[in-house]
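Listing of start_29.pdb, PDB, C-alpha atoms and all ligand atoms
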ATOM      1  CA  MET A   1     -18.137  -7.843 -12.493
ATOM      2  CA  ILE A   2     -16.150  -9.393 -15.357
ATOM      3  CA  ASN A   3     -13.089  -7.364 -14.431
ATOM      4  CA  SER A   4     -13.193  -8.154 -10.736
ATOM      5  CA  THR A   5     -10.807 -10.948  -9.715
ATOM      6  CA  LEU A   6     -11.309 -10.800  -5.965
ATOM      7  CA  HIS A   7     -14.389  -9.730  -4.138
ATOM      8  CA  ALA A   8     -14.523  -9.343  -0.356
ATOM      9  CA  ARG A   9     -17.948  -8.796   1.145
ATOM     10  CA  GLU A  10     -18.559  -7.530   4.665
ATOM     11  CA  LEU A  11     -15.468  -9.229   6.053
ATOM     12  CA  SER A  12     -15.097  -9.118   9.818
ATOM     13  CA  ARG A  13     -12.858 -10.893  12.285
ATOM     14  CA  ASN A  14     -12.869 -10.744  16.060
ATOM     15  CA  PHE A  15     -10.225 -12.043  18.435
ATOM     16  CA  GLY A  16     -12.170 -12.328  21.677
ATOM     17  CA  ASN A  17     -13.548  -8.857  22.280
ATOM     18  CA  ASN A  18     -11.068  -7.243  19.921
ATOM     19  CA  ILE A  19     -12.574  -6.439  16.495
ATOM     20  CA  ALA A  20      -9.487  -6.704  14.257
ATOM     21  CA  VAL A  21     -11.391  -6.243  10.981
ATOM     22  CA  ASN A  22     -14.835  -4.673  10.780
ATOM     23  CA  ASP A  23     -17.205  -4.990   7.822
ATOM     24  CA  VAL A  24     -14.640  -4.622   5.043
ATOM     25  CA  SER A  25     -15.940  -4.839   1.457
ATOM     26  CA  PHE A  26     -13.940  -4.225  -1.720
ATOM     27  CA  SER A  27     -13.022  -5.611  -5.129
ATOM     28  CA  LEU A  28      -9.708  -6.110  -6.859
ATOM     29  CA  GLN A  29      -9.832  -5.329 -10.573
ATOM     30  CA  LYS A  30      -7.996  -7.386 -13.137
ATOM     31  CA  GLY A  31      -4.476  -6.088 -13.740
ATOM     32  CA  GLU A  32      -4.374  -3.526 -10.941
ATOM     33  CA  VAL A  33      -1.942  -3.146  -8.057
ATOM     34  CA  LEU A  34      -4.006  -2.302  -5.011
ATOM     35  CA  GLY A  35      -2.318  -0.849  -1.948
ATOM     36  CA  PHE A  36      -3.747  -1.854   1.404
ATOM     37  CA  LEU A  37      -2.394   0.867   3.629
ATOM     38  CA  GLY A  38      -2.678   1.229   7.373
ATOM     39  CA  PRO A  39      -0.642   1.704  10.551
ATOM     40  CA  ASN A  40       0.555  -1.269  12.591
ATOM     41  CA  GLY A  41      -2.315  -3.143  14.181
ATOM     42  CA  ALA A  42      -4.869  -1.721  11.694
ATOM     43  CA  GLY A  43      -5.998  -5.166  10.536
ATOM     44  CA  LYS A  44      -3.996  -5.609   7.308
ATOM     45  CA  SER A  45      -2.507  -9.056   8.034
ATOM     46  CA  THR A  46      -5.808 -10.319   9.401
ATOM     47  CA  THR A  47      -7.508  -9.211   6.175
ATOM     48  CA  MET A  48      -4.771 -10.769   3.980
ATOM     49  CA  ARG A  49      -5.075 -14.048   5.889
ATOM     50  CA  MET A  50      -8.839 -14.096   5.326
ATOM     51  CA  LEU A  51      -8.483 -13.212   1.631
ATOM     52  CA  THR A  52      -6.099 -16.111   1.129
ATOM     53  CA  GLY A  53      -8.165 -18.661   3.060
ATOM     54  CA  ASN A  54      -5.672 -18.907   5.933
ATOM     55  CA  LEU A  55      -8.038 -17.522   8.553
ATOM     56  CA  ALA A  56     -11.777 -18.003   8.793
ATOM     57  CA  PRO A  57     -13.744 -14.744   8.901
ATOM     58  CA  SER A  58     -16.152 -14.197  11.801
ATOM     59  CA  ASN A  59     -18.494 -12.818   9.164
ATOM     60  CA  GLY A  60     -18.545 -12.110   5.432
ATOM     61  CA  SER A  61     -17.248 -13.847   2.333
ATOM     62  CA  VAL A  62     -14.374 -13.876  -0.148
ATOM     63  CA  LYS A  63     -14.783 -14.792  -3.797
ATOM     64  CA  ILE A  64     -11.795 -15.388  -6.053
ATOM     65  CA  CYS A  65     -12.693 -15.202  -9.761
ATOM     66  CA  GLY A  66     -16.213 -16.253  -8.786
ATOM     67  CA  HIS A  67     -15.135 -19.145  -6.498
ATOM     68  CA  ASP A  68     -16.208 -18.836  -2.883
ATOM     69  CA  MET A  69     -13.364 -19.353  -0.399
ATOM     70  CA  VAL A  70     -15.577 -21.413   1.948
ATOM     71  CA  ASP A  71     -17.588 -23.438  -0.602
ATOM     72  CA  ASN A  72     -14.755 -24.056  -3.038
ATOM     73  CA  PRO A  73     -11.451 -23.381  -1.254
ATOM     74  CA  LYS A  74      -9.339 -25.548  -3.569
ATOM     75  CA  LYS A  75     -10.347 -23.708  -6.718
ATOM     76  CA  ALA A  76     -10.189 -20.293  -4.988
ATOM     77  CA  LYS A  77      -6.723 -20.900  -3.488
ATOM     78  CA  GLU A  78      -5.288 -22.134  -6.798
ATOM     79  CA  MET A  79      -5.742 -18.643  -8.176
ATOM     80  CA  ILE A  80      -3.798 -16.929  -5.394
ATOM     81  CA  GLY A  81      -0.118 -16.557  -4.659
ATOM     82  CA  TYR A  82       0.585 -15.337  -1.126
ATOM     83  CA  LEU A  83       3.602 -14.013   0.679
ATOM     84  CA  PRO A  84       2.702 -13.730   4.377
ATOM     85  CA  GLU A  85       4.382 -11.257   6.693
ATOM     86  CA  MET A  86       6.511 -14.067   8.131
ATOM     87  CA  ARG A  87       8.247 -15.546   5.087
ATOM     88  CA  PRO A  88       7.458 -19.227   4.733
ATOM     89  CA  LEU A  89      10.978 -20.315   3.754
ATOM     90  CA  TYR A  90      12.809 -23.565   4.466
ATOM     91  CA  LYS A  91      16.194 -22.006   4.903
ATOM     92  CA  GLU A  92      18.155 -25.244   4.830
ATOM     93  CA  LEU A  93      17.098 -25.825   1.207
ATOM     94  CA  THR A  94      18.606 -24.350  -1.931
ATOM     95  CA  VAL A  95      16.551 -21.877  -3.964
ATOM     96  CA  ASP A  96      15.858 -24.561  -6.606
ATOM     97  CA  GLU A  97      14.865 -27.173  -4.026
ATOM     98  CA  PHE A  98      12.531 -24.800  -2.239
ATOM     99  CA  LEU A  99      10.865 -23.501  -5.404
ATOM    100  CA  THR A 100      10.386 -27.064  -6.675
ATOM    101  CA  ILE A 101       8.560 -27.942  -3.459
ATOM    102  CA  ALA A 102       6.528 -24.724  -3.723
ATOM    103  CA  ALA A 103       5.538 -25.671  -7.291
ATOM    104  CA  ARG A 104       4.408 -29.134  -6.129
ATOM    105  CA  PHE A 105       2.528 -27.579  -3.238
ATOM    106  CA  HIS A 106       0.713 -25.336  -5.706
ATOM    107  CA  LYS A 107      -0.155 -28.380  -7.863
ATOM    108  CA  VAL A 108       1.941 -27.402 -10.879
ATOM    109  CA  GLN A 109       1.947 -30.386 -13.275
ATOM    110  CA  SER A 110       5.145 -32.483 -12.890
ATOM    111  CA  SER A 111       6.137 -31.914 -16.515
ATOM    112  CA  LYS A 112       5.909 -28.152 -16.015
ATOM    113  CA  ILE A 113       7.691 -27.810 -12.675
ATOM    114  CA  MET A 114      11.169 -27.174 -14.039
ATOM    115  CA  ARG A 115       9.896 -24.526 -16.425
ATOM    116  CA  SER A 116       7.855 -22.853 -13.658
ATOM    117  CA  VAL A 117      10.891 -22.738 -11.358
ATOM    118  CA  GLU A 118      13.072 -21.227 -14.109
ATOM    119  CA  ASN A 119      10.368 -18.732 -14.956
ATOM    120  CA  ALA A 120       9.831 -17.585 -11.359
ATOM    121  CA  LYS A 121      13.604 -17.280 -10.802
ATOM    122  CA  ASP A 122      13.961 -15.308 -14.002
ATOM    123  CA  LYS A 123      11.175 -12.878 -13.045
ATOM    124  CA  CYS A 124      12.570 -12.392  -9.541
ATOM    125  CA  GLY A 125      16.229 -12.026 -10.565
ATOM    126  CA  LEU A 126      17.237 -15.272  -8.850
ATOM    127  CA  SER A 127      18.638 -17.333 -11.733
ATOM    128  CA  HIS A 128      22.232 -16.916 -10.505
ATOM    129  CA  MET A 129      21.266 -18.035  -6.984
ATOM    130  CA  SER A 130      19.735 -21.412  -7.924
ATOM    131  CA  LYS A 131      22.116 -23.610  -5.945
ATOM    132  CA  ARG A 132      22.546 -21.308  -2.940
ATOM    133  CA  LEU A 133      21.134 -22.283   0.427
ATOM    134  CA  ILE A 134      18.374 -19.842   1.316
ATOM    135  CA  GLU A 135      19.917 -19.218   4.747
ATOM    136  CA  ASN A 136      23.029 -17.845   3.034
ATOM    137  CA  LEU A 137      21.118 -15.287   0.995
ATOM    138  CA  SER A 138      20.741 -11.638   2.021
ATOM    139  CA  ASN A 139      17.434 -10.478   3.409
ATOM    140  CA  GLY A 140      16.505  -8.896   0.082
ATOM    141  CA  TYR A 141      17.233 -12.085  -1.860
ATOM    142  CA  GLN A 142      15.305 -14.173   0.669
ATOM    143  CA  GLN A 143      12.361 -11.874   0.040
ATOM    144  CA  ARG A 144      12.743 -12.458  -3.708
ATOM    145  CA  VAL A 145      12.493 -16.185  -3.031
ATOM    146  CA  GLY A 146       9.321 -15.480  -1.020
ATOM    147  CA  ILE A 147       7.886 -13.594  -3.983
ATOM    148  CA  ALA A 148       9.037 -16.307  -6.428
ATOM    149  CA  GLN A 149       7.093 -18.964  -4.485
ATOM    150  CA  ALA A 150       4.021 -16.714  -4.635
ATOM    151  CA  ILE A 151       4.086 -16.521  -8.448
ATOM    152  CA  ILE A 152       5.377 -20.043  -9.191
ATOM    153  CA  HIS A 153       1.963 -21.337 -10.332
ATOM    154  CA  ASN A 154       1.260 -18.212 -12.373
ATOM    155  CA  PRO A 155      -1.716 -17.202 -10.214
ATOM    156  CA  GLU A 156      -4.274 -14.632 -11.244
ATOM    157  CA  ILE A 157      -3.811 -12.765  -7.943
ATOM    158  CA  VAL A 158      -0.658 -12.135  -5.895
ATOM    159  CA  ILE A 159      -1.043 -10.996  -2.279
ATOM    160  CA  LEU A 160       2.046  -9.579  -0.557
ATOM    161  CA  ASP A 161       1.898  -8.715   3.133
ATOM    162  CA  GLU A 162       4.427  -6.012   4.122
ATOM    163  CA  PRO A 163       7.054  -7.300   1.679
ATOM    164  CA  THR A 164       9.618  -4.566   2.344
ATOM    165  CA  VAL A 165       9.704  -4.729   6.146
ATOM    166  CA  GLY A 166      13.197  -5.385   7.490
ATOM    167  CA  LEU A 167      15.005  -4.638   4.213
ATOM    168  CA  ASP A 168      17.655  -1.984   3.672
ATOM    169  CA  PRO A 169      16.910   0.985   1.356
ATOM    170  CA  ILE A 170      18.541  -0.576  -1.720
ATOM    171  CA  GLN A 171      16.744  -3.875  -1.214
ATOM    172  CA  ILE A 172      13.482  -1.973  -0.680
ATOM    173  CA  ARG A 173      13.900  -0.211  -4.027
ATOM    174  CA  GLU A 174      14.615  -3.513  -5.768
ATOM    175  CA  ILE A 175      11.613  -5.272  -4.230
ATOM    176  CA  ARG A 176       9.336  -2.345  -5.131
ATOM    177  CA  ASN A 177      10.516  -2.506  -8.747
ATOM    178  CA  LEU A 178       9.932  -6.244  -8.726
ATOM    179  CA  ILE A 179       6.371  -5.752  -7.455
ATOM    180  CA  LYS A 180       5.731  -3.241 -10.251
ATOM    181  CA  GLU A 181       6.966  -5.816 -12.786
ATOM    182  CA  ILE A 182       4.753  -8.509 -11.264
ATOM    183  CA  GLY A 183       1.827  -6.085 -11.471
ATOM    184  CA  LYS A 184       2.121  -6.106 -15.267
ATOM    185  CA  LYS A 185       1.126  -9.784 -15.421
ATOM    186  CA  HIS A 186      -0.929 -10.329 -12.255
ATOM    187  CA  SER A 187      -3.475  -8.513 -10.123
ATOM    188  CA  VAL A 188      -1.691  -7.583  -6.901
ATOM    189  CA  ILE A 189      -2.643  -6.611  -3.358
ATOM    190  CA  LEU A 190       0.235  -5.017  -1.479
ATOM    191  CA  SER A 191      -0.216  -4.471   2.224
ATOM    192  CA  THR A 192       2.017  -1.845   3.784
ATOM    193  CA  HIS A 193       2.235   0.825   6.458
ATOM    194  CA  ILE A 194       4.428   3.041   4.251
ATOM    195  CA  LEU A 195       2.569   5.789   2.419
ATOM    196  CA  PRO A 196       5.286   6.591  -0.186
ATOM    197  CA  GLU A 197       5.475   2.864  -1.011
ATOM    198  CA  VAL A 198       1.826   2.924  -2.061
ATOM    199  CA  GLU A 199       2.391   6.104  -4.075
ATOM    200  CA  MET A 200       5.358   4.530  -5.860
ATOM    201  CA  VAL A 201       3.969   1.077  -6.594
ATOM    202  CA  CYS A 202       0.159   1.043  -6.631
ATOM    203  CA  ASP A 203      -2.642   2.101  -8.994
ATOM    204  CA  ARG A 204      -5.262   2.350  -6.283
ATOM    205  CA  VAL A 205      -5.227   2.537  -2.516
ATOM    206  CA  GLN A 206      -7.463   1.516   0.341
ATOM    207  CA  ILE A 207      -6.700   2.781   3.800
ATOM    208  CA  ILE A 208      -7.591   0.675   6.809
ATOM    209  CA  ASN A 209      -7.595   2.086  10.306
ATOM    210  CA  GLU A 210      -8.658   0.246  13.465
ATOM    211  CA  GLY A 211     -10.244  -2.474  11.330
ATOM    212  CA  ASN A 212     -12.330  -0.099   9.193
ATOM    213  CA  LEU A 213     -11.814   0.929   5.581
ATOM    214  CA  VAL A 214     -11.621   4.705   5.665
ATOM    215  CA  PHE A 215     -10.500   5.529   2.129
ATOM    216  CA  ASN A 216     -10.732   3.964  -1.300
ATOM    217  CA  GLY A 217      -9.441   5.852  -4.306
ATOM    218  CA  SER A 218      -6.792   6.394  -6.936
ATOM    219  CA  ILE A 219      -3.263   7.432  -6.023
ATOM    220  CA  GLU A 220      -4.140  10.829  -7.509
ATOM    221  CA  ASP A 221      -7.089  11.108  -5.073
ATOM    222  CA  LEU A 222      -4.768  10.237  -2.209
ATOM    223  CA  LYS A 223      -2.226  12.853  -3.278
ATOM    224  CA  LYS A 224      -4.982  15.458  -3.550
ATOM    225  CA  GLN A 225      -6.092  14.528  -0.052
ATOM    226  CA  ARG A 226      -2.516  14.973   1.143
ATOM    227  CA  ARG A 227      -1.906  18.234  -0.644
ATOM    228  CA  GLY A 228      -5.208  19.580   0.625
ATOM    229  CA  ASN A 229      -5.930  23.278   0.384
ATOM    230  CA  LYS A 230      -3.002  24.571   2.391
ATOM    231  CA  LEU A 231       0.215  26.502   1.888
ATOM    232  CA  LEU A 232       3.101  26.855   4.284
ATOM    233  CA  VAL A 233       4.353  30.434   4.035
ATOM    234  CA  GLY A 234       7.213  32.303   5.721
ATOM    235  CA  PHE A 235       7.840  36.092   5.933
ATOM    236  CA  THR A 236      10.764  37.843   7.610
ATOM    237  CA  LYS A 237       8.529  40.876   8.327
ATOM    238  CA  ALA A 238       5.358  38.990   9.017
ATOM    239  CA  PRO A 239       2.022  40.679   8.338
ATOM    240  CA  THR A 240      -0.951  40.293  10.652
ATOM    241  CA  LYS A 241      -3.401  37.440  10.222
ATOM    242  CA  LYS A 242      -5.995  39.996   9.165
ATOM    243  CA  GLU A 243      -3.818  41.202   6.277
ATOM    244  CA  LEU A 244      -3.382  37.601   5.051
ATOM    245  CA  LEU A 245      -7.091  36.883   5.391
ATOM    246  CA  ALA A 246      -7.774  39.859   3.117
ATOM    247  CA  ILE A 247      -6.119  38.025   0.198
ATOM    248  CA  ASP A 248      -8.684  36.621  -2.237
ATOM    249  CA  GLY A 249      -9.405  32.925  -1.626
ATOM    250  CA  VAL A 250      -7.755  32.669   1.807
ATOM    251  CA  SER A 251     -10.155  31.059   4.273
ATOM    252  CA  GLN A 252      -8.067  30.562   7.412
ATOM    253  CA  VAL A 253      -4.633  31.524   8.714
ATOM    254  CA  ASP A 254      -2.758  29.617  11.439
ATOM    255  CA  LYS A 255       0.297  31.319  12.882
ATOM    256  CA  ILE A 256       2.938  28.651  13.504
ATOM    257  CA  ASP A 257       5.653  30.935  14.906
ATOM    258  CA  LYS A 258       6.940  34.490  14.450
ATOM    259  CA  THR A 259       7.589  34.054  10.718
ATOM    260  CA  MET A 260       5.675  30.966   9.531
ATOM    261  CA  PHE A 261       1.991  30.637   8.679
ATOM    262  CA  ARG A 262      -0.249  27.843   7.466
ATOM    263  CA  ILE A 263      -2.640  29.422   4.996
ATOM    264  CA  HIS A 264      -5.815  27.499   4.170
ATOM    265  CA  PHE A 265      -7.656  28.432   1.014
ATOM    266  CA  LYS A 266     -11.078  27.854  -0.447
ATOM    267  CA  GLU A 267     -11.843  25.063  -2.924
ATOM    268  CA  LYS A 268     -10.845  25.979  -6.521
ATOM    269  CA  TYR A 269      -8.572  28.845  -5.371
ATOM    270  CA  LEU A 270      -4.800  28.892  -5.432
ATOM    271  CA  PRO A 271      -3.782  32.208  -3.867
ATOM    272  CA  ALA A 272      -0.027  31.556  -4.093
ATOM    273  CA  GLU A 273       0.559  34.155  -6.805
ATOM    274  CA  GLU A 274      -1.549  36.749  -5.000
ATOM    275  CA  ILE A 275       0.437  36.110  -1.798
ATOM    276  CA  VAL A 276       3.717  36.666  -3.658
ATOM    277  CA  ILE A 277       2.458  39.852  -5.333
ATOM    278  CA  THR A 278       1.001  41.288  -2.105
ATOM    279  CA  SER A 279       4.140  40.395  -0.156
ATOM    280  CA  THR A 280       6.371  42.109  -2.705
ATOM    281  CA  LYS A 281       4.165  45.168  -2.725
ATOM    282  CA  LYS A 282       4.010  45.410   1.056
ATOM    283  CA  LYS A 283       7.607  44.259   1.645
ATOM    284  CA  TRP A 284       6.743  41.360   3.960
ATOM    285  CA  GLY A 285      10.007  39.556   3.079
ATOM    286  CA  LEU A 286       8.572  36.311   1.687
ATOM    287  CA  PHE A 287      11.206  33.569   2.038
ATOM    288  CA  HIS A 288       9.163  30.355   1.846
ATOM    289  CA  ILE A 289       6.008  29.274   0.059
ATOM    290  CA  ALA A 290       5.110  25.621  -0.564
ATOM    291  CA  PRO A 291       2.143  23.235  -0.455
ATOM    292  CA  ASP A 292       1.650  21.940   3.065
ATOM    293  CA  ILE A 293       1.754  18.152   2.627
ATOM    294  CA  THR A 294      -0.375  16.285   5.101
ATOM    295  CA  SER A 295       1.282  13.354   6.829
ATOM    296  CA  LEU A 296      -0.239   9.896   6.815
ATOM    297  CA  GLU A 297      -1.141  10.296  10.489
ATOM    298  CA  ASP A 298      -3.020  13.527   9.698
ATOM    299  CA  ILE A 299      -4.852  11.798   6.855
ATOM    300  CA  PHE A 300      -5.977   9.051   9.213
ATOM    301  CA  VAL A 301      -7.296  11.667  11.615
ATOM    302  CA  GLN A 302      -9.089  13.562   8.815
ATOM    303  CA  LEU A 303     -10.548  10.411   7.307
ATOM    304  CA  THR A 304     -11.698   8.870  10.537
ATOM    305  CA  GLN A 305     -13.254  12.150  11.638
ATOM    306  CA  LYS A 306     -15.136  12.395   8.338
ATOM    307  CA  GLU A 307     -16.040   8.692   8.494
ATOM    308  CA  LYS A 308     -15.745   8.614   4.721
ATOM    309  CA  VAL A 309     -15.610   5.182   3.005
TER     310      VAL A 309
HETATM  311  P1  LIG B 401      -1.622  -5.144  10.865
HETATM  312  O1  LIG B 401      -1.295  -6.243   9.923
HETATM  313  O2  LIG B 401      -2.339  -4.000  10.206
HETATM  314  O3  LIG B 401      -0.445  -4.689  11.674
HETATM  315  P2  LIG B 401      -3.099  -7.188  12.295
HETATM  316  O4  LIG B 401      -4.106  -7.674  11.323
HETATM  317  O5  LIG B 401      -1.876  -8.029  12.493
HETATM  318  O6  LIG B 401      -2.702  -5.694  11.929
HETATM  319  O7  LIG B 401      -3.778  -7.013  13.718
HETATM  320  C1  LIG B 401      -5.026  -6.351  13.893
HETATM  321  C2  LIG B 401      -5.459  -6.485  15.349
HETATM  322  O8  LIG B 401      -5.788  -7.849  15.610
HETATM  323  C3  LIG B 401      -4.390  -6.118  16.340
HETATM  324  O9  LIG B 401      -5.032  -5.496  17.420
HETATM  325  C4  LIG B 401      -3.801  -7.457  16.763
HETATM  326  O10 LIG B 401      -3.304  -7.405  18.062
HETATM  327  C5  LIG B 401      -5.021  -8.372  16.671
HETATM  328  N1  LIG B 401      -4.651  -9.759  16.332
HETATM  329  C6  LIG B 401      -4.122 -10.180  15.160
HETATM  330  N2  LIG B 401      -3.931 -11.524  15.177
HETATM  331  C7  LIG B 401      -4.346 -11.957  16.397
HETATM  332  C8  LIG B 401      -4.419 -13.248  17.020
HETATM  333  N3  LIG B 401      -4.019 -14.354  16.402
HETATM  334  N4  LIG B 401      -4.923 -13.297  18.281
HETATM  335  C9  LIG B 401      -5.353 -12.185  18.923
HETATM  336  N5  LIG B 401      -5.309 -10.953  18.380
HETATM  337  C10 LIG B 401      -4.827 -10.829  17.142
END

What's the structure tokens form of this structure?
Ligand code: ADP
Amino acid sequence: MINSTLHARELSRNFGNNIAVNDVSFSLQKGEVLGFLGPNGAGKSTTMRMLTGNLAPSNGSVKICGHDMVDNPKKAKEMIGYLPEMRPLYKELTVDEFLTIAARFHKVQSSKIMRSVENAKDKCGLSHMSKRLIENLSNGYQQRVGIAQAIIHNPEIVILDEPTVGLDPIQIREIRNLIKEIGKKHSVILSTHILPEVEMVCDRVQIINEGNLVFNGSIEDLKKQRRGNKLLVGFTKAPTKKELLAIDGVSQVDKIDKTMFRIHFKEKYLPAEEIVITSTKKKWGLFHIAPDITSLEDIFVQLTQKEKV
């Protein structure tokens, strides 16, 4: 377990009869950026709040670098930087004033506060905004301040809850790049409902759905899951299903409309070339052939049906 910085064991949280998080166990490895992916209401924020010691679990435990969040909350919390979904900013302060308070709050030694503030601003591209009131900053820059306060004490682990929500596309790209940079120095958990965000930023992904972890794997595993064993194929002079099923490796054919088919194929087969050759030979008028990418919603359905953890 030397490489594990955060360890959650059988975490659950109920709100009345509603089970928001159900028996969630996982570890965060040193130096990795872990995506915590799930639709709205899946239990991401509730989990993040329990990981950071801001919400007591109904059951289970959280250990940060070996320190238990209940037995030794001070030590455990010191090692975490957290940006909650609702940014904890005092907007009437300047960036410098706010980050100085954040440094004090995180128990940075007085002699080191100025250096920590400069460092965090530098990493988050805020150095030229030092004297600006936070309320006068754009949404994207306010989010940078939120991230700066999370790294001000140079924590081992940085937890960011939906950090790109409400930003415009350019700001989103900038914040994602910033998270990647932060991931080089810290272990990061990024909670999000955006699948491409996980693919762009994270090393590993866990999918949570209705409070349950339904997937844990590398980004490559996730992409494989999405690509699946399907092709989307279009012919102007469409053959019959039977003719397509006769192609080696094809296991199932769904007719979408007059010209389009979803062709499923067996594990370890890729019949694309055979489809092209047969179509040319039989003059089926092939005009489209591409992997059929599964949407996030479809993945949730597949995963929850399989009940795979
Ligand atoms: P996510 O962050 O994935 O959108 P949340 O963790 O915020 O999901 O919510 C998970 C479930 O828990 C939802 O059904 C939500 O309504 C419920 N929930 C979250 N916080 C509270 C609360 N303070 N009181 C009652 N229900 C809550």

> Hey, which of A:Thr164, A:Thr192, A:Asn177, A:Thr294 ends up closest to A:Lys223? Count all atoms listed in the file.
Replying inline: A:Thr294

>> Can you tell me which residues surround A:Thr240 at a distance of at most 12 Å, considering only C-alpha atoms, apart from same-chain residues fewer than 4 positions away, and format the answer as a list in words?
In response: Phe235, Leu244, Leu245, Ala246, Ile247, Val253, Asp254, Lys255, Lys258, Thr259, Met260, Phe261, Ser279, Lys282 and Trp284 of chain A

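When the PyMOL selection byres (((chain A and resi 129-144) around 8) and not hetatm) is evaluated against the file, it yields Arg87, Leu89, Tyr90, Lys91, Glu92, Leu93, Thr94, Val95, Asp96, Lys121, Cys124, Gly125, Leu126, Ser127, His128, Val145, Gly146, Ile147, Ala148, Pro163, Gly166, Leu167, Asp168, Gln171, Ile172 and Ile175 of chain A.
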
> Could you write out as a VMD selection string the residues that the PyMOL selection byres (((not hetatm)) within 9 of (chain B and resi 401)) matches in the shown file?
Replying inline: chain A and resid 13 to 16 18 to 21 37 to 49 85 161 to 162 191 to 193 208 to 211

Writer output for current selection, C-alpha atoms, as a PDB file, in the coordinates of the input:
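Result went into selection-v3.pdb, see below:
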ATOM      1  CA  ARG A  13     -12.858 -10.893  12.285  1.00  0.00           C
ATOM      2  CA  ASN A  14     -12.869 -10.744  16.060  1.00  0.00           C
ATOM      3  CA  PHE A  15     -10.225 -12.043  18.435  1.00  0.00           C
ATOM      4  CA  GLY A  16     -12.170 -12.328  21.677  1.00  0.00           C
ATOM      5  CA  ASN A  18     -11.068  -7.243  19.921  1.00  0.00           C
ATOM      6  CA  ILE A  19     -12.574  -6.439  16.495  1.00  0.00           C
ATOM      7  CA  ALA A  20      -9.487  -6.704  14.257  1.00  0.00           C
ATOM      8  CA  VAL A  21     -11.391  -6.243  10.981  1.00  0.00           C
ATOM      9  CA  LEU A  37      -2.394   0.867   3.629  1.00  0.00           C
ATOM     10  CA  GLY A  38      -2.678   1.229   7.373  1.00  0.00           C
ATOM     11  CA  PRO A  39      -0.642   1.704  10.551  1.00  0.00           C
ATOM     12  CA  ASN A  40       0.555  -1.269  12.591  1.00  0.00           C
ATOM     13  CA  GLY A  41      -2.315  -3.143  14.181  1.00  0.00           C
ATOM     14  CA  ALA A  42      -4.869  -1.721  11.694  1.00  0.00           C
ATOM     15  CA  GLY A  43      -5.998  -5.166  10.536  1.00  0.00           C
ATOM     16  CA  LYS A  44      -3.996  -5.609   7.308  1.00  0.00           C
ATOM     17  CA  SER A  45      -2.507  -9.056   8.034  1.00  0.00           C
ATOM     18  CA  THR A  46      -5.808 -10.319   9.401  1.00  0.00           C
ATOM     19  CA  THR A  47      -7.508  -9.211   6.175  1.00  0.00           C
ATOM     20  CA  MET A  48      -4.771 -10.769   3.980  1.00  0.00           C
ATOM     21  CA  ARG A  49      -5.075 -14.048   5.889  1.00  0.00           C
ATOM     22  CA  GLU A  85       4.382 -11.257   6.693  1.00  0.00           C
ATOM     23  CA  ASP A 161       1.898  -8.715   3.133  1.00  0.00           C
ATOM     24  CA  GLU A 162       4.427  -6.012   4.122  1.00  0.00           C
ATOM     25  CA  SER A 191      -0.216  -4.471   2.224  1.00  0.00           C
ATOM     26  CA  THR A 192       2.017  -1.845   3.784  1.00  0.00           C
ATOM     27  CA  HIS A 193       2.235   0.825   6.458  1.00  0.00           C
ATOM     28  CA  ILE A 208      -7.591   0.675   6.809  1.00  0.00           C
ATOM     29  CA  ASN A 209      -7.595   2.086  10.306  1.00  0.00           C
ATOM     30  CA  GLU A 210      -8.658   0.246  13.465  1.00  0.00           C
ATOM     31  CA  GLY A 211     -10.244  -2.474  11.330  1.00  0.00           C
TER      32      GLY A 211
END

>> Could you list, as JSON, numbers by chain, every residue matched by the PyMOL selection byres (((chain A and resi 66) around 9) and not hetatm) in this structure?
In response: {"A": [4, 5, 6, 7, 63, 64, 65, 67, 68, 76]}
